[in-house]
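Structure file target-v8.cif with mmCIF, C-alpha atoms:
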```cif
data_structure
loop_
_atom_site.label_atom_id
_atom_site.label_comp_id
_atom_site.auth_asym_id
_atom_site.auth_seq_id
_atom_site.Cartn_x
_atom_site.Cartn_y
_atom_site.Cartn_z
CA MET A 1 4.29 -21.66 -36.05
CA LEU A 2 2.18 -20.26 -33.21
CA LYS A 3 0.77 -23.72 -32.58
CA VAL A 4 4.26 -25.18 -32.32
CA LEU A 5 5.33 -22.49 -29.84
CA ALA A 6 2.13 -22.97 -27.83
CA SER A 7 2.69 -26.73 -27.79
CA ILE A 8 6.23 -26.23 -26.47
CA CYS A 9 4.77 -24.02 -23.69
CA PHE A 10 2.15 -26.65 -22.83
CA ILE A 11 4.78 -29.41 -22.70
CA GLY A 12 6.92 -27.21 -20.42
CA SER A 13 3.89 -26.59 -18.23
CA PHE A 14 3.10 -30.30 -18.12
CA ILE A 15 6.69 -31.10 -17.09
CA SER A 16 6.55 -28.41 -14.35
CA PHE A 17 3.36 -29.81 -12.86
CA GLY A 18 4.78 -33.33 -13.19
CA LEU A 19 7.87 -32.30 -11.22
CA GLY A 20 5.56 -30.85 -8.55
CA ALA A 21 3.77 -34.18 -8.31
CA ILE A 22 7.06 -36.12 -8.08
CA SER A 23 8.17 -33.82 -5.24
CA LEU A 24 5.21 -35.02 -3.16
CA PHE A 25 6.75 -38.49 -3.14
CA ARG A 26 10.42 -37.61 -2.99
CA PHE A 27 10.60 -34.76 -0.49
CA PRO A 28 10.42 -35.68 3.20
CA ASP A 29 8.11 -33.14 4.90
CA SER A 30 5.28 -30.69 4.21
CA TYR A 31 7.60 -27.68 4.10
CA THR A 32 9.85 -29.09 1.40
CA ARG A 33 6.90 -30.44 -0.61
CA ILE A 34 5.51 -26.91 -0.78
CA HIS A 35 8.74 -25.84 -2.53
CA GLY A 36 8.40 -28.67 -5.01
CA LEU A 37 4.85 -27.66 -5.85
CA GLY A 38 6.14 -24.10 -6.27
CA ILE A 39 7.64 -25.12 -9.63
CA GLY A 40 4.16 -25.97 -10.91
CA GLU A 41 2.46 -22.95 -9.47
CA THR A 42 4.92 -20.45 -10.96
CA MET A 43 6.50 -21.95 -14.09
CA GLY A 44 3.63 -24.32 -14.84
CA VAL A 45 0.95 -21.66 -14.62
CA ALA A 46 3.06 -19.11 -16.50
CA LEU A 47 3.84 -21.50 -19.37
CA ALA A 48 0.23 -22.69 -19.63
CA GLY A 49 -0.90 -19.03 -19.67
CA LEU A 50 1.68 -18.15 -22.33
CA GLY A 51 0.55 -21.06 -24.49
CA LEU A 52 -3.09 -20.01 -24.19
CA LEU A 53 -2.13 -16.38 -24.95
CA LEU A 54 -0.48 -17.51 -28.16
CA LEU A 55 -3.56 -19.48 -29.21
CA SER A 56 -6.31 -17.06 -28.12
CA PRO A 57 -8.34 -15.64 -31.00
CA ASP A 58 -8.96 -12.05 -29.82
CA TRP A 59 -7.58 -9.38 -27.53
CA ILE A 60 -10.35 -9.49 -24.92
CA ILE A 61 -9.53 -13.12 -24.14
CA ARG A 62 -5.82 -12.25 -24.03
CA LEU A 63 -6.54 -9.46 -21.56
CA LYS A 64 -8.57 -11.84 -19.42
CA LEU A 65 -5.73 -14.35 -19.45
CA ILE A 66 -3.25 -11.65 -18.43
CA PHE A 67 -5.54 -10.68 -15.53
CA ILE A 68 -5.79 -14.32 -14.46
CA LEU A 69 -2.01 -14.77 -14.59
CA PHE A 70 -1.47 -11.54 -12.65
CA LEU A 71 -3.97 -12.56 -9.95
CA LEU A 72 -2.51 -16.07 -9.70
CA TRP A 73 0.99 -14.65 -9.26
CA ILE A 74 -0.24 -12.56 -6.34
CA ILE A 75 -2.48 -15.22 -4.75
CA ASN A 76 -0.01 -18.13 -5.05
CA PRO A 77 2.81 -16.72 -2.89
CA THR A 78 0.30 -15.35 -0.38
CA MET A 79 -1.36 -18.73 0.09
CA THR A 80 1.97 -20.58 0.15
CA HIS A 81 3.12 -18.26 2.91
CA LEU A 82 -0.12 -18.76 4.85
CA ILE A 83 -0.03 -22.56 4.59
CA MET A 84 3.57 -22.69 5.75
CA LYS A 85 3.00 -20.25 8.61
CA ALA A 86 -0.12 -22.12 9.73
CA GLY A 87 1.85 -25.37 9.65
CA LEU A 88 4.60 -23.92 11.79
CA LEU A 89 2.20 -22.35 14.28
CA HIS A 90 0.28 -25.60 14.63
CA GLY A 91 3.42 -27.57 15.33
CA VAL A 92 3.91 -29.46 12.08
CA GLU A 93 7.40 -30.94 12.55
CA PRO A 94 10.04 -30.24 9.91
CA VAL A 95 12.31 -33.10 8.86
CA ASP A 96 15.06 -33.92 11.39
CA ASP A 97 18.09 -32.46 9.60
CA THR A 98 16.50 -29.03 9.06
CA ARG A 99 18.96 -26.36 10.21
CA LEU A 100 18.69 -22.80 11.41
CA ARG A 101 20.94 -20.26 9.73
CA LEU A 102 21.53 -16.61 10.47
CA ARG A 103 22.83 -14.15 7.91
CA GLY A 104 26.60 -14.24 7.56
CA GLU A 105 26.91 -17.70 9.11
CA ARG A 106 28.43 -20.13 6.63
CA MET B 1 -10.65 11.79 -3.38
CA GLY B 2 -6.91 11.68 -4.15
CA LYS B 3 -5.31 11.10 -7.52
CA LYS B 4 -4.21 7.61 -6.48
CA ARG B 5 -7.80 6.59 -5.78
CA TRP B 6 -9.00 7.77 -9.19
CA ILE B 7 -6.27 5.68 -10.82
CA ILE B 8 -7.29 2.61 -8.80
CA LEU B 9 -10.96 3.23 -9.71
CA PHE B 10 -10.00 3.47 -13.38
CA LEU B 11 -8.02 0.20 -13.20
CA LEU B 12 -10.88 -1.56 -11.39
CA LEU B 13 -13.30 -0.31 -14.03
CA ILE B 14 -11.09 -1.62 -16.84
CA PHE B 15 -10.89 -4.96 -15.02
CA TRP B 16 -14.69 -5.03 -14.69
CA LEU B 17 -15.28 -4.17 -18.34
CA VAL B 18 -12.83 -6.81 -19.55
CA ILE B 19 -14.45 -9.45 -17.37
CA SER B 20 -18.02 -8.50 -18.31
CA THR B 21 -17.14 -8.01 -22.03
CA SER B 22 -19.87 -5.43 -22.51
CA LEU B 23 -19.94 -1.64 -22.71
CA GLY B 24 -23.64 -1.11 -21.92
CA LEU B 25 -24.68 1.62 -19.49
CA PRO B 26 -25.93 -0.76 -16.74
CA HIS B 27 -22.59 -2.60 -16.82
CA LEU B 28 -20.66 0.65 -16.65
CA LEU B 29 -22.73 1.96 -13.73
CA THR B 30 -22.43 -1.32 -11.83
CA GLY B 31 -18.65 -1.21 -12.37
CA VAL B 32 -18.41 2.37 -11.09
CA PHE B 33 -20.58 1.53 -8.07
CA PHE B 34 -18.55 -1.52 -7.03
CA GLY B 35 -15.31 0.36 -7.77
CA LEU B 36 -16.35 3.13 -5.39
CA VAL B 37 -17.39 0.60 -2.73
CA LEU B 38 -14.02 -1.14 -3.01
CA ILE B 39 -12.09 2.13 -2.82
CA TRP B 40 -14.06 3.05 0.29
CA TYR B 41 -13.36 -0.40 1.76
CA TRP B 42 -9.63 -0.14 0.93
CA ARG B 43 -9.26 3.43 2.23
CA ASP B 44 -6.76 2.44 4.94
CA LEU B 45 -4.78 0.14 2.66
CA LEU B 46 -4.46 2.67 -0.16
CA SER B 47 -2.71 5.25 2.01
CA GLY B 48 0.19 2.82 2.57
CA PHE B 49 0.43 1.98 -1.11
CA PRO B 50 3.15 3.90 -2.96
CA GLY B 51 2.44 5.43 -6.36
CA ILE B 52 4.81 5.24 -9.30
CA SER B 53 4.95 8.77 -10.75
CA THR B 54 8.29 9.26 -12.46
CA PHE B 55 9.97 7.49 -15.34
CA GLN B 56 12.93 6.60 -13.12
CA GLU B 57 10.68 4.84 -10.65
CA LEU B 58 8.94 2.94 -13.43
CA LEU B 59 12.35 1.87 -14.73
CA ALA B 60 13.40 0.69 -11.26
CA LEU B 61 10.14 -1.25 -10.89
CA LEU B 62 10.58 -2.87 -14.31
CA ARG B 63 14.14 -3.80 -13.35
CA VAL B 64 12.75 -5.53 -10.24
CA LEU B 65 10.13 -7.39 -12.29
CA PHE B 66 12.57 -8.54 -14.99
CA PHE B 67 15.04 -9.69 -12.38
CA LEU B 68 12.20 -11.54 -10.64
CA ALA B 69 11.18 -13.32 -13.86
CA ARG B 70 14.80 -14.40 -14.41
CA GLU B 71 15.12 -15.58 -10.81
CA ILE B 72 11.88 -17.59 -11.03
CA VAL B 73 13.17 -19.49 -14.05
CA LEU B 74 16.63 -20.05 -12.54
CA SER B 75 15.31 -21.20 -9.17
CA ALA B 76 12.71 -23.46 -10.79
CA ILE B 77 15.59 -25.15 -12.63
CA ALA B 78 17.62 -25.36 -9.38
CA VAL B 79 14.69 -26.93 -7.50
CA ALA B 80 14.00 -29.35 -10.36
CA ARG B 81 17.66 -30.40 -10.32
CA THR B 82 17.53 -30.92 -6.56
CA LEU B 83 14.32 -32.88 -6.94
CA LEU B 84 15.61 -35.22 -9.62
CA PHE B 85 19.31 -35.69 -8.94
CA SER B 86 20.38 -34.83 -5.41
CA ARG B 87 21.10 -37.57 -2.84
CA PRO B 88 19.90 -37.13 -0.10
CA ALA B 89 16.88 -35.34 -1.52
CA VAL B 90 17.11 -32.10 0.46
CA SER B 91 18.99 -30.28 3.22
CA PRO B 92 16.34 -27.76 4.30
CA ALA B 93 17.06 -24.74 6.49
CA PHE B 94 15.15 -22.04 8.31
CA ILE B 95 17.04 -18.79 7.84
CA LEU B 96 16.82 -15.40 9.44
CA ILE B 97 17.79 -12.41 7.29
CA GLU B 98 17.63 -8.70 7.95
CA PRO B 99 17.48 -6.86 4.62
CA PRO B 100 18.10 -3.10 4.81
CA LEU B 101 14.55 -2.16 3.75
CA THR B 102 12.71 0.51 5.71
CA THR B 103 9.20 0.66 4.26
CA ASN B 104 6.47 -1.89 4.79
CA TRP B 105 5.57 -2.05 1.09
CA GLY B 106 9.23 -2.75 0.25
CA ARG B 107 9.27 -5.60 2.74
CA ILE B 108 6.03 -7.02 1.37
CA LEU B 109 7.41 -6.83 -2.16
CA LEU B 110 10.57 -8.66 -1.10
CA ALA B 111 8.59 -11.25 0.90
CA ASN B 112 6.42 -11.96 -2.15
CA CYS B 113 9.48 -12.18 -4.42
CA ILE B 114 11.11 -14.66 -2.01
CA THR B 115 7.97 -16.78 -1.86
CA ILE B 116 7.21 -16.74 -5.57
CA ALA B 117 10.71 -17.97 -6.45
CA PRO B 118 10.58 -21.77 -6.03
CA GLY B 119 12.82 -23.08 -3.26
CA THR B 120 12.29 -20.29 -0.74
CA THR B 121 9.21 -19.24 1.25
CA THR B 122 8.81 -16.34 3.64
CA ILE B 123 7.16 -17.57 6.82
CA ASP B 124 7.12 -14.34 8.78
CA VAL B 125 8.29 -10.74 8.67
CA ASP B 126 8.75 -8.79 11.87
CA PRO B 127 7.43 -5.25 11.23
CA GLU B 128 9.49 -3.85 14.13
CA THR B 129 12.93 -5.14 13.19
CA GLY B 130 12.38 -5.99 9.51
CA ARG B 131 13.68 -9.52 10.08
CA PHE B 132 12.56 -12.17 7.60
CA PHE B 133 12.06 -15.75 8.70
CA VAL B 134 12.45 -17.88 5.58
CA HIS B 135 12.38 -21.58 4.81
CA ALA B 136 14.79 -22.71 2.10
CA LEU B 137 14.87 -26.06 0.36
CA THR B 138 18.64 -26.56 0.37
CA GLU B 139 21.71 -25.01 1.99
CA GLU B 140 22.82 -23.69 -1.40
CA ILE B 141 19.55 -21.88 -2.00
CA ALA B 142 19.72 -20.47 1.55
CA GLN B 143 23.22 -19.10 0.92
CA THR B 144 22.11 -17.53 -2.36
CA LEU B 145 19.17 -15.87 -0.64
CA MET B 146 21.37 -14.31 2.03
CA TYR B 147 23.20 -12.25 -0.60
CA TRP B 148 20.33 -11.86 -3.07
CA PRO B 149 20.73 -8.88 -5.47
CA MET B 150 16.93 -8.43 -5.44
CA VAL B 151 17.24 -6.69 -2.06
CA ASP B 152 19.44 -3.97 -3.60
CA LYS B 153 17.03 -3.49 -6.51
CA ILE B 154 14.05 -3.06 -4.17
CA ARG B 155 16.12 -0.75 -1.93
CA GLU B 156 16.89 1.39 -4.98
CA LEU B 157 13.17 1.70 -5.82
CA GLU B 158 12.41 2.45 -2.19
CA LYS B 159 15.01 5.26 -2.10
CA LEU B 160 13.63 6.85 -5.29
CA ILE B 161 10.06 6.89 -3.96
CA GLN B 162 11.13 8.06 -0.50
CA ARG B 163 13.14 10.93 -2.00
CA ARG B 164 10.18 12.08 -4.11
CA THR B 165 7.66 11.90 -1.29
CA LYS B 166 10.02 13.82 1.00
CA ASP B 167 10.35 16.54 -1.67
CA VAL B 168 6.58 16.75 -2.00
CA MET B 169 6.17 17.04 1.73
CA VAL B 170 8.74 19.84 1.98
CA ASP B 171 7.21 21.70 -0.99
CA SER B 172 3.66 21.68 0.23
CA ARG B 173 4.65 22.15 3.91
CA SER B 174 1.68 20.09 4.86
CA ASP B 175 1.27 17.78 7.82
CA VAL B 176 1.09 14.67 5.70
CA PRO B 177 1.08 11.68 8.03
CA ASP B 178 3.56 8.88 7.56
CA THR B 179 1.61 7.17 4.82
CA PHE B 180 4.40 4.90 3.66
CA GLY B 181 4.61 2.83 6.75
CA THR B 182 8.20 3.79 7.49
CA ASN B 183 9.47 2.79 10.88
#
```
Would you put the structure from the file into C-alpha cells?
Amino acid sequence: MLKVLASICFIGSFISFGLGAISLFRFPDSYTRIHGLGIGETMGVALAGLGLLLLSPDWIIRLKLIFILFLLWIINPTMTHLIMKAGLLHGVEPVDDTRLRLRGER
Amino acid sequence: MGKKRWIILFLLLIFWLVISTSLGLPHLLTGVFFGLVLIWYWRDLLSGFPGISTFQELLALLRVLFFLAREIVLSAIAVARTLLFSRPAVSPAFILIEPPLTTNWGRILLANCITIAPGTTTIDVDPETGRFFVHALTEEIAQTLMYWPMVDKIRELEKLIQRRTKDVMVDSRSDVPDTFGTN
C-alpha cells in the first residue's frame, strides 16, 4: 500500500517537473519561465519528498528528509526572488504585452 | 544569553545530531561549538526574529502554513492549466500592492509566501512604505493576489505578537529597543 502511495507521489512529482520543462519552451520570457519552473520546485520537490518519506526505513532518514524539504522551501523562493530581481536590475526585457497594475485598478 | 538564543541553539544542535547520526561526545561538543559560533554570528538577525510563545500564536502560525500549503497546490494547478491550455500562453503583469503589514518579519513572511506559490514572485519590498513589487504570470493571478486572504492571516499573527510584546514591555518597564523592526 505504501509503495502504491509513494509511486503516486513520484508520478505527480515527475509530472510537475515535466510541466516545468514544457514551460521553458512555451512561455515567452525569462520572468514567465521562472513561474513555470516554480511548479517543479514546489509541488515536484514536495511530492518527491513525500514519496521518499513513505518509503524510508527509519526515523532518522525521515527527519533528514524533513530538514531537506524545509531548507528547500526556504531556499527556493529566496533564489527565485534573487534571480528575478537581478534580471530586472540588469535590464532583461519582459515580453512586450507585460502590464503594470496598481492595487484596486481593474 | 536570552531564552530565544537557547532555543535556536537547541534546534541547531538537533539539526547537527540528525545530520551526523551519532551521539558521541566529540560530535556533541562540535555541535555545541558551531551552534554558539552561529548564534554569535546571527546576533543582529535574532533580535528582529519574533518568538512564538502562546498557544494562540502557534494556532495563527499553523493557520498561515495550512493556508499556504492549500494555496501552493491551487496555484500550481492554475499555472499548469495556463501552461497547457491558454492561448495566448500568458498575459504577465508587474503589480504594486501595499499590504497593511507593519513589521519587517511579517513582510518577509508574506514575500516568501507570494514567491513560493507558483505564478507570483516578489521582486522587491520597500522597507519604508511596505510596498511590494510583484510579477504575476497572468492577469487573473494578479487580481487574485491583490485581494489575497493570506495578508489578513499574517496580519492577525502580527497583531497577536505585537500585543504580547507590548504587554511585556509595559510590565517590565524596561527600555527594550524596537526589536521587531516596526516602522
### Task
Counting all atoms listed in the file, find the residues whose atoms lie at most 10 Å from (4.6, -27.4, -4.4) (file coordinates) and write them out as a PyMOL selection string.
(chain A and resi 17+19-24+30-42+80) or (chain B and resi 118-119)
### Message
Can you pull out the residues contacting range 9-23 of chain B? Cut-off 8 Å, using all atoms listed in the file, and skip same-chain residues under 4 positions away; I want them as a ChimeraX atom specification.
### Response
/A:60,63-64,67 /B:5,27-28,31-32,35-36,39
Selection file, C-alpha atoms, as a PDB file, keeping the file's coordinate frame:
```pdb
ATOM      1  CA  ILE A  60     -10.350  -9.490 -24.920  1.00  0.00           C
ATOM      2  CA  LEU A  63      -6.540  -9.460 -21.560  1.00  0.00           C
ATOM      3  CA  LYS A  64      -8.570 -11.840 -19.420  1.00  0.00           C
ATOM      4  CA  PHE A  67      -5.540 -10.680 -15.530  1.00  0.00           C
TER       5      PHE A  67
ATOM      6  CA  ARG B   5      -7.800   6.590  -5.780  1.00  0.00           C
ATOM      7  CA  HIS B  27     -22.590  -2.600 -16.820  1.00  0.00           C
ATOM      8  CA  LEU B  28     -20.660   0.650 -16.650  1.00  0.00           C
ATOM      9  CA  GLY B  31     -18.650  -1.210 -12.370  1.00  0.00           C
ATOM     10  CA  VAL B  32     -18.410   2.370 -11.090  1.00  0.00           C
ATOM     11  CA  GLY B  35     -15.310   0.360  -7.770  1.00  0.00           C
ATOM     12  CA  LEU B  36     -16.350   3.130  -5.390  1.00  0.00           C
ATOM     13  CA  ILE B  39     -12.090   2.130  -2.820  1.00  0.00           C
TER      14      ILE B  39
END
```
Find the residues near Leu53 in chain A: any atom within 9 Å, counting all atoms listed in the file, skip ones fewer than 5 places away on the same chain, and give them as a compact mmCIF listing (two decimals) with C-alpha atoms, keeping the file's coordinate frame.
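Generated output (out04.txt):
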```
# COMPACT_ATOMS: atom_id res chain seq x y z
CA ALA A 6 2.13 -22.97 -27.83
CA ALA A 48 0.23 -22.69 -19.63
CA ILE A 61 -9.53 -13.12 -24.14
CA ARG A 62 -5.82 -12.25 -24.03
CA LEU A 63 -6.54 -9.46 -21.56
CA LEU A 65 -5.73 -14.35 -19.45
CA ILE A 66 -3.25 -11.65 -18.43
```
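For Ala117 in chain B, the set of protein, DNA and RNA residues having any atom at most 10 Å away, when counting all atoms listed in the file and skipping those fewer than 2 positions along the same chain, is A:His35, A:Gly38, A:Ile39, A:Thr42, A:Met43, A:Pro77, B:Leu68, B:Ala69, B:Arg70, B:Glu71, B:Ile72, B:Val73, B:Leu74, B:Ser75, B:Ala76, B:Val79, B:Asn112, B:Cys113, B:Ile114, B:Thr115, B:Gly119, B:Thr120, B:Thr121.
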Write the residues you've just listed into a file as a PDB file, in the coordinates of the input, and include C-alpha atoms for each of them.
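Dumped everything to selection22.pdb:
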```
ATOM      1  CA  HIS A  35       8.740 -25.840  -2.530  1.00  0.00           C
ATOM      2  CA  GLY A  38       6.140 -24.100  -6.270  1.00  0.00           C
ATOM      3  CA  ILE A  39       7.640 -25.120  -9.630  1.00  0.00           C
ATOM      4  CA  THR A  42       4.920 -20.450 -10.960  1.00  0.00           C
ATOM      5  CA  MET A  43       6.500 -21.950 -14.090  1.00  0.00           C
ATOM      6  CA  PRO A  77       2.810 -16.720  -2.890  1.00  0.00           C
TER       7      PRO A  77
ATOM      8  CA  LEU B  68      12.200 -11.540 -10.640  1.00  0.00           C
ATOM      9  CA  ALA B  69      11.180 -13.320 -13.860  1.00  0.00           C
ATOM     10  CA  ARG B  70      14.800 -14.400 -14.410  1.00  0.00           C
ATOM     11  CA  GLU B  71      15.120 -15.580 -10.810  1.00  0.00           C
ATOM     12  CA  ILE B  72      11.880 -17.590 -11.030  1.00  0.00           C
ATOM     13  CA  VAL B  73      13.170 -19.490 -14.050  1.00  0.00           C
ATOM     14  CA  LEU B  74      16.630 -20.050 -12.540  1.00  0.00           C
ATOM     15  CA  SER B  75      15.310 -21.200  -9.170  1.00  0.00           C
ATOM     16  CA  ALA B  76      12.710 -23.460 -10.790  1.00  0.00           C
ATOM     17  CA  VAL B  79      14.690 -26.930  -7.500  1.00  0.00           C
ATOM     18  CA  ASN B 112       6.420 -11.960  -2.150  1.00  0.00           C
ATOM     19  CA  CYS B 113       9.480 -12.180  -4.420  1.00  0.00           C
ATOM     20  CA  ILE B 114      11.110 -14.660  -2.010  1.00  0.00           C
ATOM     21  CA  THR B 115       7.970 -16.780  -1.860  1.00  0.00           C
ATOM     22  CA  GLY B 119      12.820 -23.080  -3.260  1.00  0.00           C
ATOM     23  CA  THR B 120      12.290 -20.290  -0.740  1.00  0.00           C
ATOM     24  CA  THR B 121       9.210 -19.240   1.250  1.00  0.00           C
TER      25      THR B 121
END
```
Quick one: residues within 12 Å of Leu88 in chain A, all atoms listed in the file, excluding same-chain residues fewer than 3 positions away - as a CSV table (one decimal) with C-alpha atoms, in the coordinates of the input?
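Written file, out38.csv:
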```csv
chain,number,residue,atom,x,y,z
A,30,SER,CA,5.3,-30.7,4.2
A,31,TYR,CA,7.6,-27.7,4.1
A,81,HIS,CA,3.1,-18.3,2.9
A,82,LEU,CA,-0.1,-18.8,4.8
A,83,ILE,CA,0.0,-22.6,4.6
A,84,MET,CA,3.6,-22.7,5.8
A,85,LYS,CA,3.0,-20.2,8.6
A,91,GLY,CA,3.4,-27.6,15.3
A,92,VAL,CA,3.9,-29.5,12.1
A,93,GLU,CA,7.4,-30.9,12.6
A,94,PRO,CA,10.0,-30.2,9.9
B,94,PHE,CA,15.2,-22.0,8.3
B,122,THR,CA,8.8,-16.3,3.6
B,123,ILE,CA,7.2,-17.6,6.8
B,124,ASP,CA,7.1,-14.3,8.8
B,133,PHE,CA,12.1,-15.8,8.7
B,134,VAL,CA,12.4,-17.9,5.6
B,135,HIS,CA,12.4,-21.6,4.8
```
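The spacing separating CA of Leu96 in chain B from CA of Lys159 in chain B amounts to 23.7 Å.
The residue that comes closest to chain A, out of B:Leu83, B:Ile52, B:Leu157, B:Val37 and on the basis of all atoms listed in the file, is B:Leu83.
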### Task
Would you translate the PyMOL selection byres ((chain B and resi 93) around 8) into the concrete set of residues it matches in this file, as a PyMOL selection string?
(chain A and resi 98-101) or (chain B and resi 91-92+94-95+135-139+142)
For the residues in the current selection, export C-alpha atoms as an mmCIF file, keeping the file's coordinate frame.
```
data_model
loop_
_atom_site.group_PDB
_atom_site.id
_atom_site.type_symbol
_atom_site.label_atom_id
_atom_site.label_comp_id
_atom_site.auth_asym_id
_atom_site.auth_seq_id
_atom_site.Cartn_x
_atom_site.Cartn_y
_atom_site.Cartn_z
ATOM 1 C CA THR A 98 16.500 -29.030 9.060
ATOM 2 C CA ARG A 99 18.960 -26.360 10.210
ATOM 3 C CA LEU A 100 18.690 -22.800 11.410
ATOM 4 C CA ARG A 101 20.940 -20.260 9.730
ATOM 5 C CA SER B 91 18.990 -30.280 3.220
ATOM 6 C CA PRO B 92 16.340 -27.760 4.300
ATOM 7 C CA PHE B 94 15.150 -22.040 8.310
ATOM 8 C CA ILE B 95 17.040 -18.790 7.840
ATOM 9 C CA HIS B 135 12.380 -21.580 4.810
ATOM 10 C CA ALA B 136 14.790 -22.710 2.100
ATOM 11 C CA LEU B 137 14.870 -26.060 0.360
ATOM 12 C CA THR B 138 18.640 -26.560 0.370
ATOM 13 C CA GLU B 139 21.710 -25.010 1.990
ATOM 14 C CA ALA B 142 19.720 -20.470 1.550
#
```
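The gap separating CA of Arg107 in chain B from CA of Pro127 in chain B is 8.7 Å, in Å to one decimal.
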### Message
What does the structure give for the distance between CA of Ile116 in chain B and CA of Ile68 in chain A, in Å to one decimal?
### Response
15.9 Å
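Using all atoms listed in the file, the smallest distance between any of A:Phe70, A:Arg26, A:Leu89, A:Asp58 and chain B comes from A:Arg26.
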Since the input lacks atoms, please generate N, CA and C atoms for range 3-25 of chain B and provide them as a CSV table (one decimal), in the coordinates of the input.
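Result went into part-v1.csv, see below:
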```
chain,number,residue,atom,x,y,z
B,3,LYS,N,-5.6,11.5,-6.2
B,3,LYS,CA,-5.3,11.1,-7.5
B,3,LYS,C,-5.1,9.6,-7.6
B,4,LYS,N,-4.5,9.1,-6.5
B,4,LYS,CA,-4.2,7.6,-6.5
B,4,LYS,C,-5.5,6.8,-6.5
B,5,ARG,N,-6.5,7.3,-5.8
B,5,ARG,CA,-7.8,6.6,-5.8
B,5,ARG,C,-8.5,6.6,-7.1
B,6,TRP,N,-8.4,7.7,-7.9
B,6,TRP,CA,-9.0,7.8,-9.2
B,6,TRP,C,-8.3,6.7,-10.1
B,7,ILE,N,-7.0,6.6,-10.0
B,7,ILE,CA,-6.3,5.7,-10.8
B,7,ILE,C,-6.7,4.3,-10.5
B,8,ILE,N,-6.9,4.0,-9.2
B,8,ILE,CA,-7.3,2.6,-8.8
B,8,ILE,C,-8.7,2.4,-9.3
B,9,LEU,N,-9.6,3.4,-9.2
B,9,LEU,CA,-11.0,3.2,-9.7
B,9,LEU,C,-11.0,2.9,-11.2
B,10,PHE,N,-10.1,3.6,-11.9
B,10,PHE,CA,-10.0,3.5,-13.4
B,10,PHE,C,-9.6,2.0,-13.7
B,11,LEU,N,-8.5,1.6,-13.0
B,11,LEU,CA,-8.0,0.2,-13.2
B,11,LEU,C,-9.1,-0.9,-12.9
B,12,LEU,N,-9.8,-0.6,-11.8
B,12,LEU,CA,-10.9,-1.6,-11.4
B,12,LEU,C,-12.0,-1.6,-12.5
B,13,LEU,N,-12.3,-0.4,-13.0
B,13,LEU,CA,-13.3,-0.3,-14.0
B,13,LEU,C,-12.9,-1.1,-15.3
B,14,ILE,N,-11.6,-0.9,-15.7
B,14,ILE,CA,-11.1,-1.6,-16.8
B,14,ILE,C,-11.2,-3.1,-16.6
B,15,PHE,N,-10.8,-3.5,-15.4
B,15,PHE,CA,-10.9,-5.0,-15.0
B,15,PHE,C,-12.3,-5.5,-15.2
B,16,TRP,N,-13.3,-4.7,-14.6
B,16,TRP,CA,-14.7,-5.0,-14.7
B,16,TRP,C,-15.2,-5.2,-16.1
B,17,LEU,N,-14.8,-4.2,-17.0
B,17,LEU,CA,-15.3,-4.2,-18.3
B,17,LEU,C,-14.7,-5.3,-19.1
B,18,VAL,N,-13.4,-5.7,-18.9
B,18,VAL,CA,-12.8,-6.8,-19.6
B,18,VAL,C,-13.5,-8.1,-19.1
B,19,ILE,N,-13.8,-8.2,-17.8
B,19,ILE,CA,-14.4,-9.4,-17.4
B,19,ILE,C,-15.9,-9.6,-17.9
B,20,SER,N,-16.6,-8.4,-17.9
B,20,SER,CA,-18.0,-8.5,-18.3
B,20,SER,C,-18.2,-8.5,-19.8
B,21,THR,N,-17.1,-8.1,-20.6
B,21,THR,CA,-17.1,-8.0,-22.0
B,21,THR,C,-18.4,-7.3,-22.6
B,22,SER,N,-18.8,-6.2,-22.0
B,22,SER,CA,-19.9,-5.4,-22.5
B,22,SER,C,-19.7,-4.0,-22.1
B,23,LEU,N,-20.1,-3.1,-23.0
B,23,LEU,CA,-19.9,-1.6,-22.7
B,23,LEU,C,-21.3,-0.9,-22.4
B,24,GLY,N,-22.3,-1.7,-22.2
B,24,GLY,CA,-23.6,-1.1,-21.9
B,24,GLY,C,-23.7,-0.2,-20.7
B,25,LEU,N,-24.6,0.7,-20.6
B,25,LEU,CA,-24.7,1.6,-19.5
B,25,LEU,C,-24.9,0.9,-18.1
```
